[in-house]
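Novice: I am attaching a structure below and will ask some questions about it afterwards.
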Amino acid sequence: MLTSNGYVLDERRVGELSVVPERERGELQGLRERLRRDGYLYLTGLLDAEVVQGFREYYFGLTGAAADRPSYRKVLIDQIVPGPEYAAFCAQPALKGWFEWFLGGEPFLHKRKIIRQTAPGENGIGTATQAHYDLVYLRGGSDQVLSAWIPLGDCPVSRGGLTYLEGSHHRVLAEEAAGTLKRPAASMTADLPGLAEQCDADWLVTDYAAGDVVIHTAHTIHAALDNVSTEMRLSTDIRYQLADDAIDRRWQNHWHDQDGL
């Protein structure tokens, strides 16, 4: 049984996230077309699993001694987020170099980068990332921003990985183009099964491994599942775009859980 924010997903509305086959990984135009078609690129093993695991150990080495929520928040916001280790991880050649190749120009990494941690059993509304697409938070720049969701360690479905609403970017693009959306900068809903019925679409899931990365467009609807495992779920989501395109200046400060974005 899969849940998100306590809502039980209808198993008839659950599908499998599609992996980019190894033979297609170097075909630039094919990858761009695949992104236009699917709204995401699931790249297994893009990063060195040991590098990912090393960052995970660094993170928990600092946060593990935090005795309470305020102490944990201070370590996260004051040390880890602005720290050189996190900056190096997000700009490692395997990531930055991939974006430079895919975008066809100098890549720009938004300074606001987010780390998300979910403990086992956290399943009330507001604990898992609710359904949204990134453009509602990035109105001040180009709509060609690409997000990279990176599990920091293995993240099987039971640990609460990211899930994508199949084909949702086509619907969002059409509504954006028609000017029919008056959506505020907020999540759409915590009710994933209700949204799947409304859109007549499946939620796509998979068992992620350390080293996997999912790239998605700013129009692709996604959310997170509840962590029903016995292990901590840890991930980061970062955003790259062409440096020459318009940049949302509000996203050029370090992420802070009280920054209002």
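Identifiers for the structure tokens are assigned positionally: chains receive A, B, ... in sequence, residues are indexed from 1 per chain, and ligands are indexed from 1 in the order shown.
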Please return, as number ranges by chain, all residues of stretch 66-138 of chain A that DSSP assigns to strand (DSSP E or B) on the basis of the backbone.

Specialist: A: 107-109, 114-118, 131-132

Novice: Selection from above, N, CA and C atoms, as a compact mmCIF listing (two decimals), in the first residue's frame, can you write it?

Specialist:
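Saved result, part_22.txt, follows:
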# COMPACT_ATOMS: atom_id res chain seq x y z
N PRO A 107 26.05 26.38 -17.84
CA PRO A 107 24.94 26.14 -16.92
C PRO A 107 25.01 27.05 -15.69
N PHE A 108 23.85 27.40 -15.18
CA PHE A 108 23.76 28.24 -13.99
C PHE A 108 23.02 27.45 -12.91
N LEU A 109 23.65 27.30 -11.75
CA LEU A 109 23.04 26.59 -10.63
C LEU A 109 22.42 27.59 -9.67
N ILE A 114 17.78 22.67 -1.90
CA ILE A 114 16.97 22.18 -0.79
C ILE A 114 17.35 20.76 -0.41
N ILE A 115 17.48 20.52 0.89
CA ILE A 115 17.70 19.18 1.43
C ILE A 115 16.43 18.78 2.19
N ARG A 116 15.94 17.58 1.90
CA ARG A 116 14.71 17.11 2.54
C ARG A 116 14.99 15.80 3.28
N GLN A 117 14.57 15.77 4.53
CA GLN A 117 14.73 14.58 5.37
C GLN A 117 13.36 14.17 5.90
N THR A 118 13.04 12.90 5.80
CA THR A 118 11.79 12.39 6.34
C THR A 118 12.07 11.15 7.17
N ALA A 131 1.78 17.59 -4.03
CA ALA A 131 1.79 17.72 -5.48
C ALA A 131 1.97 19.17 -5.90
N HIS A 132 2.91 19.40 -6.82
CA HIS A 132 3.17 20.74 -7.32
C HIS A 132 4.01 20.63 -8.58

Novice: Please run DSSP on the backbone and report, as a ChimeraX atom specification, all residues within stretch 92-185 of chain A that come out as alpha helix (DSSP H).

Specialist: /A:93-103,168-178

Novice: Set the distance at 8 Å and use only C-alpha atoms: which residues neighbour A:Val214 once local chain neighbours fewer than 5 positions away are removed? I'd like the list as a VMD selection string.

Specialist: chain A and resid 40 to 43 148 to 150

Novice: Could the residues in this selection be written to a file with N, CA, C and O atoms, as a tab-separated table (two decimals), in the first residue's frame?

Specialist:
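Produced file again-v8.tsv, reproduced below:
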chain	number	residue	atom	x	y	z
A	40	TYR	N	10.34	14.20	-17.83
A	40	TYR	CA	11.42	13.84	-16.90
A	40	TYR	C	12.40	12.93	-17.61
A	40	TYR	O	12.09	12.30	-18.63
A	41	LEU	N	13.62	12.84	-17.05
A	41	LEU	CA	14.64	11.90	-17.49
A	41	LEU	C	15.15	11.18	-16.25
A	41	LEU	O	15.75	11.81	-15.36
A	42	TYR	N	14.93	9.89	-16.18
A	42	TYR	CA	15.40	9.10	-15.05
A	42	TYR	C	16.73	8.46	-15.44
A	42	TYR	O	16.79	7.54	-16.25
A	43	LEU	N	17.82	8.99	-14.86
A	43	LEU	CA	19.18	8.59	-15.20
A	43	LEU	C	19.77	7.78	-14.06
A	43	LEU	O	20.22	8.34	-13.04
A	148	ALA	N	16.91	18.85	-10.70
A	148	ALA	CA	17.52	17.54	-10.50
A	148	ALA	C	17.14	17.07	-9.11
A	148	ALA	O	17.47	17.72	-8.12
A	149	TRP	N	16.40	15.95	-9.05
A	149	TRP	CA	16.08	15.35	-7.76
A	149	TRP	C	17.06	14.21	-7.53
A	149	TRP	O	17.21	13.32	-8.37
A	150	ILE	N	17.74	14.25	-6.38
A	150	ILE	CA	18.82	13.31	-6.11
A	150	ILE	C	18.59	12.63	-4.77
A	150	ILE	O	18.65	13.27	-3.72

Novice: Find the spatial neighbours of A:Lys111, counting only C-alpha atoms, within a cut-off of 7 Å - ignore same-chain residues fewer than 2 positions away - and output them as a list in words.

Specialist: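 Those residues are Leu109, Lys113, Trp251, Gln252, Asn253 and His254 of chain A.
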
Novice: Counting only C-alpha atoms, what are the residues of stretch 8-111 of chain A within 8 Å of stretch 170-194 of chain A, and for each of them which pair of atoms is the nearest and at what distance in Å, to one decimal? Sort the table by chain and rising number, as CSV.

Specialist:
residue,atom,partner,partner_atom,distance
A:Val8,CA,A:Pro193,CA,7.0
A:Leu9,CA,A:Pro193,CA,5.1
A:Asp10,CA,A:Pro193,CA,6.2
A:Arg13,CA,A:Pro193,CA,7.7

Novice: Of the candidates A:Thr217, A:Ser168, A:Gln241, A:Gln79, which shows the shortest atom-to-atom distance to A:Leu195, using only C-alpha atoms?

Specialist: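 The shortest atom-to-atom distance to A:Leu195 comes from A:Ser168.
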
Novice: Any idea what's packed within 12 Å of A:Asp207, counting only C-alpha atoms, ignoring anything in its chain fewer than 6 positions away? Could you give it as a short mmCIF file (atom, residue, chain, number, x, y, z; two decimals) with all heavy atoms, in the first residue's frame?

Specialist:
data_model
loop_
_atom_site.label_atom_id
_atom_site.label_comp_id
_atom_site.auth_asym_id
_atom_site.auth_seq_id
_atom_site.Cartn_x
_atom_site.Cartn_y
_atom_site.Cartn_z
N GLU A 16 5.14 2.62 -13.36
CA GLU A 16 6.59 2.56 -13.16
C GLU A 16 7.29 3.70 -13.87
O GLU A 16 7.02 3.97 -15.04
CB GLU A 16 7.13 1.22 -13.69
CG GLU A 16 8.62 1.02 -13.50
CD GLU A 16 9.02 0.67 -12.08
OE1 GLU A 16 8.12 0.29 -11.29
OE2 GLU A 16 10.22 0.79 -11.76
N LEU A 17 8.20 4.37 -13.17
CA LEU A 17 9.02 5.41 -13.77
C LEU A 17 9.92 4.78 -14.82
O LEU A 17 10.53 3.74 -14.59
CB LEU A 17 9.85 6.09 -12.69
CG LEU A 17 10.33 7.52 -12.96
CD1 LEU A 17 9.18 8.49 -12.99
CD2 LEU A 17 11.33 7.93 -11.88
N SER A 18 10.02 5.41 -15.98
CA SER A 18 10.76 4.84 -17.11
C SER A 18 12.23 5.28 -17.07
O SER A 18 12.53 6.48 -17.04
CB SER A 18 10.12 5.28 -18.42
OG SER A 18 10.85 4.79 -19.52
N VAL A 19 13.13 4.32 -17.08
CA VAL A 19 14.57 4.59 -17.08
C VAL A 19 15.04 4.90 -18.49
O VAL A 19 14.61 4.28 -19.46
CB VAL A 19 15.34 3.36 -16.55
CG1 VAL A 19 16.85 3.61 -16.62
CG2 VAL A 19 14.92 3.04 -15.13
N TYR A 42 14.93 9.89 -16.18
CA TYR A 42 15.40 9.10 -15.05
C TYR A 42 16.73 8.46 -15.44
O TYR A 42 16.79 7.54 -16.25
CB TYR A 42 14.36 8.04 -14.68
CG TYR A 42 14.76 7.10 -13.57
CD1 TYR A 42 15.70 7.45 -12.61
CD2 TYR A 42 14.16 5.84 -13.48
CE1 TYR A 42 16.05 6.58 -11.59
CE2 TYR A 42 14.50 4.96 -12.46
CZ TYR A 42 15.45 5.33 -11.52
OH TYR A 42 15.79 4.45 -10.52
N THR A 44 19.76 6.47 -14.19
CA THR A 44 20.32 5.63 -13.14
C THR A 44 21.85 5.71 -13.18
O THR A 44 22.47 5.76 -14.24
CB THR A 44 19.88 4.17 -13.33
OG1 THR A 44 20.25 3.74 -14.65
CG2 THR A 44 18.38 4.03 -13.16
N PRO A 151 18.32 11.32 -4.78
CA PRO A 151 18.24 10.60 -3.50
C PRO A 151 19.62 10.49 -2.89
O PRO A 151 20.58 10.09 -3.57
CB PRO A 151 17.69 9.23 -3.89
CG PRO A 151 18.10 9.05 -5.33
CD PRO A 151 18.12 10.42 -5.93
N GLY A 153 21.41 8.45 -0.98
CA GLY A 153 21.38 7.09 -0.49
C GLY A 153 20.28 6.32 -1.21
O GLY A 153 19.47 6.91 -1.93
N ASP A 154 20.24 5.01 -1.02
CA ASP A 154 19.18 4.23 -1.63
C ASP A 154 17.83 4.72 -1.15
O ASP A 154 17.68 5.09 0.02
CB ASP A 154 19.34 2.75 -1.28
CG ASP A 154 20.57 2.11 -1.91
OD1 ASP A 154 21.12 2.72 -2.85
OD2 ASP A 154 20.97 1.03 -1.46
N CYS A 155 16.86 4.73 -2.04
CA CYS A 155 15.52 5.23 -1.67
C CYS A 155 14.47 4.37 -2.36
O CYS A 155 13.89 4.76 -3.37
CB CYS A 155 15.38 6.69 -2.06
SG CYS A 155 13.88 7.48 -1.42
N PRO A 156 14.21 3.17 -1.82
CA PRO A 156 13.13 2.35 -2.36
C PRO A 156 11.79 3.03 -2.14
O PRO A 156 11.68 3.99 -1.37
CB PRO A 156 13.24 1.05 -1.56
CG PRO A 156 13.92 1.45 -0.28
CD PRO A 156 14.86 2.56 -0.65
N VAL A 157 10.78 2.53 -2.82
CA VAL A 157 9.45 3.13 -2.73
C VAL A 157 9.01 3.27 -1.27
O VAL A 157 8.42 4.29 -0.89
CB VAL A 157 8.43 2.28 -3.53
CG1 VAL A 157 7.01 2.75 -3.26
CG2 VAL A 157 8.74 2.35 -5.02
N SER A 158 9.32 2.29 -0.46
CA SER A 158 8.88 2.31 0.94
C SER A 158 9.52 3.44 1.75
O SER A 158 8.99 3.83 2.79
CB SER A 158 9.22 0.97 1.61
OG SER A 158 10.62 0.76 1.62
N ARG A 159 10.63 4.00 1.26
CA ARG A 159 11.32 5.06 1.98
C ARG A 159 10.79 6.45 1.61
O ARG A 159 11.21 7.46 2.16
CB ARG A 159 12.83 4.97 1.76
CG ARG A 159 13.65 5.64 2.85
CD ARG A 159 15.13 5.35 2.71
NE ARG A 159 15.44 3.96 3.01
CZ ARG A 159 16.66 3.44 2.98
NH1 ARG A 159 17.70 4.19 2.65
NH2 ARG A 159 16.85 2.17 3.27
N GLY A 160 9.88 6.51 0.64
CA GLY A 160 9.24 7.78 0.33
C GLY A 160 9.88 8.56 -0.78
O GLY A 160 10.07 9.78 -0.67
N GLY A 161 10.22 7.88 -1.88
CA GLY A 161 10.84 8.56 -3.01
C GLY A 161 9.88 9.48 -3.75
O GLY A 161 8.69 9.54 -3.45
N LEU A 162 10.42 10.19 -4.73
CA LEU A 162 9.62 11.10 -5.53
C LEU A 162 8.75 10.31 -6.50
O LEU A 162 9.15 9.26 -7.01
CB LEU A 162 10.52 12.06 -6.30
CG LEU A 162 9.96 13.49 -6.51
CD1 LEU A 162 9.79 14.18 -5.17
CD2 LEU A 162 10.88 14.30 -7.40
N THR A 163 7.55 10.83 -6.77
CA THR A 163 6.63 10.23 -7.72
C THR A 163 6.16 11.31 -8.69
O THR A 163 5.97 12.48 -8.29
CB THR A 163 5.43 9.56 -7.02
OG1 THR A 163 4.53 9.03 -7.99
CG2 THR A 163 4.68 10.52 -6.12
N VAL A 213 19.65 9.96 -10.56
CA VAL A 213 19.19 11.34 -10.63
C VAL A 213 17.97 11.38 -11.55
O VAL A 213 17.95 10.70 -12.58
CB VAL A 213 20.29 12.28 -11.19
CG1 VAL A 213 19.75 13.71 -11.31
CG2 VAL A 213 21.54 12.25 -10.33
N LEU A 225 6.21 10.28 -1.66
CA LEU A 225 5.47 9.28 -0.91
C LEU A 225 5.86 9.34 0.57
O LEU A 225 6.87 9.94 0.93
CB LEU A 225 5.77 7.89 -1.46
CG LEU A 225 5.42 7.67 -2.94
CD1 LEU A 225 5.90 6.28 -3.38
CD2 LEU A 225 3.93 7.82 -3.18
#

Novice: Against stretch 46-64 of chain A, which residues of stretch 159-213 of chain A fall within 6 Å? For each one I want the closest pair of atoms and the distance in Å (one decimal), counting only C-alpha atoms, rows by chain and increasing residue number, as CSV.

Specialist:
residue,atom,partner,partner_atom,distance
A:Ala210,CA,A:Ala49,CA,5.1
A:Gly211,CA,A:Leu47,CA,4.3
A:Asp212,CA,A:Leu46,CA,5.7

Novice: Tell me which protein, DNA and RNA residues are within 10 Å of A:Gly140, counting only C-alpha atoms, leaving out same-chain ones fewer than 4 positions away, and put them as a list in words.

Specialist: Leu135, Val136, Ala246, Ile247, Asp248, Arg249, Arg250 and Trp251 of chain A

Novice: Enter the distance from atom CA of A:Ile221 to atom CA of A:Leu31, in Å, rounded to one decimal.

Specialist: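 Between atom CA of A:Ile221 and atom CA of A:Leu31 the gap is 19.4 Å.
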
Novice: Within 7 Å of A:Leu146, counting only C-alpha atoms, which residues show up once you throw out same-chain ones fewer than 4 positions away? Write them as a PyMOL selection string, please.

Specialist: chain A and resi 215-218+239-241

Novice: Would you mind listing, for every residue of stretch 70-95 of chain A within 9 Å of stretch 256-260 of chain A, the two atoms forming the shortest contact and the distance between them in Å to one decimal, using only C-alpha atoms, sorted by chain and ascending residue number, as a Markdown table?

Specialist:
| residue | atom | partner | partner_atom | distance |
| --- | --- | --- | --- | --- |
| A:Arg73 | CA | A:Asp257 | CA | 8.7 |
| A:Ile77 | CA | A:His256 | CA | 6.2 |
| A:Val81 | CA | A:His256 | CA | 8.4 |
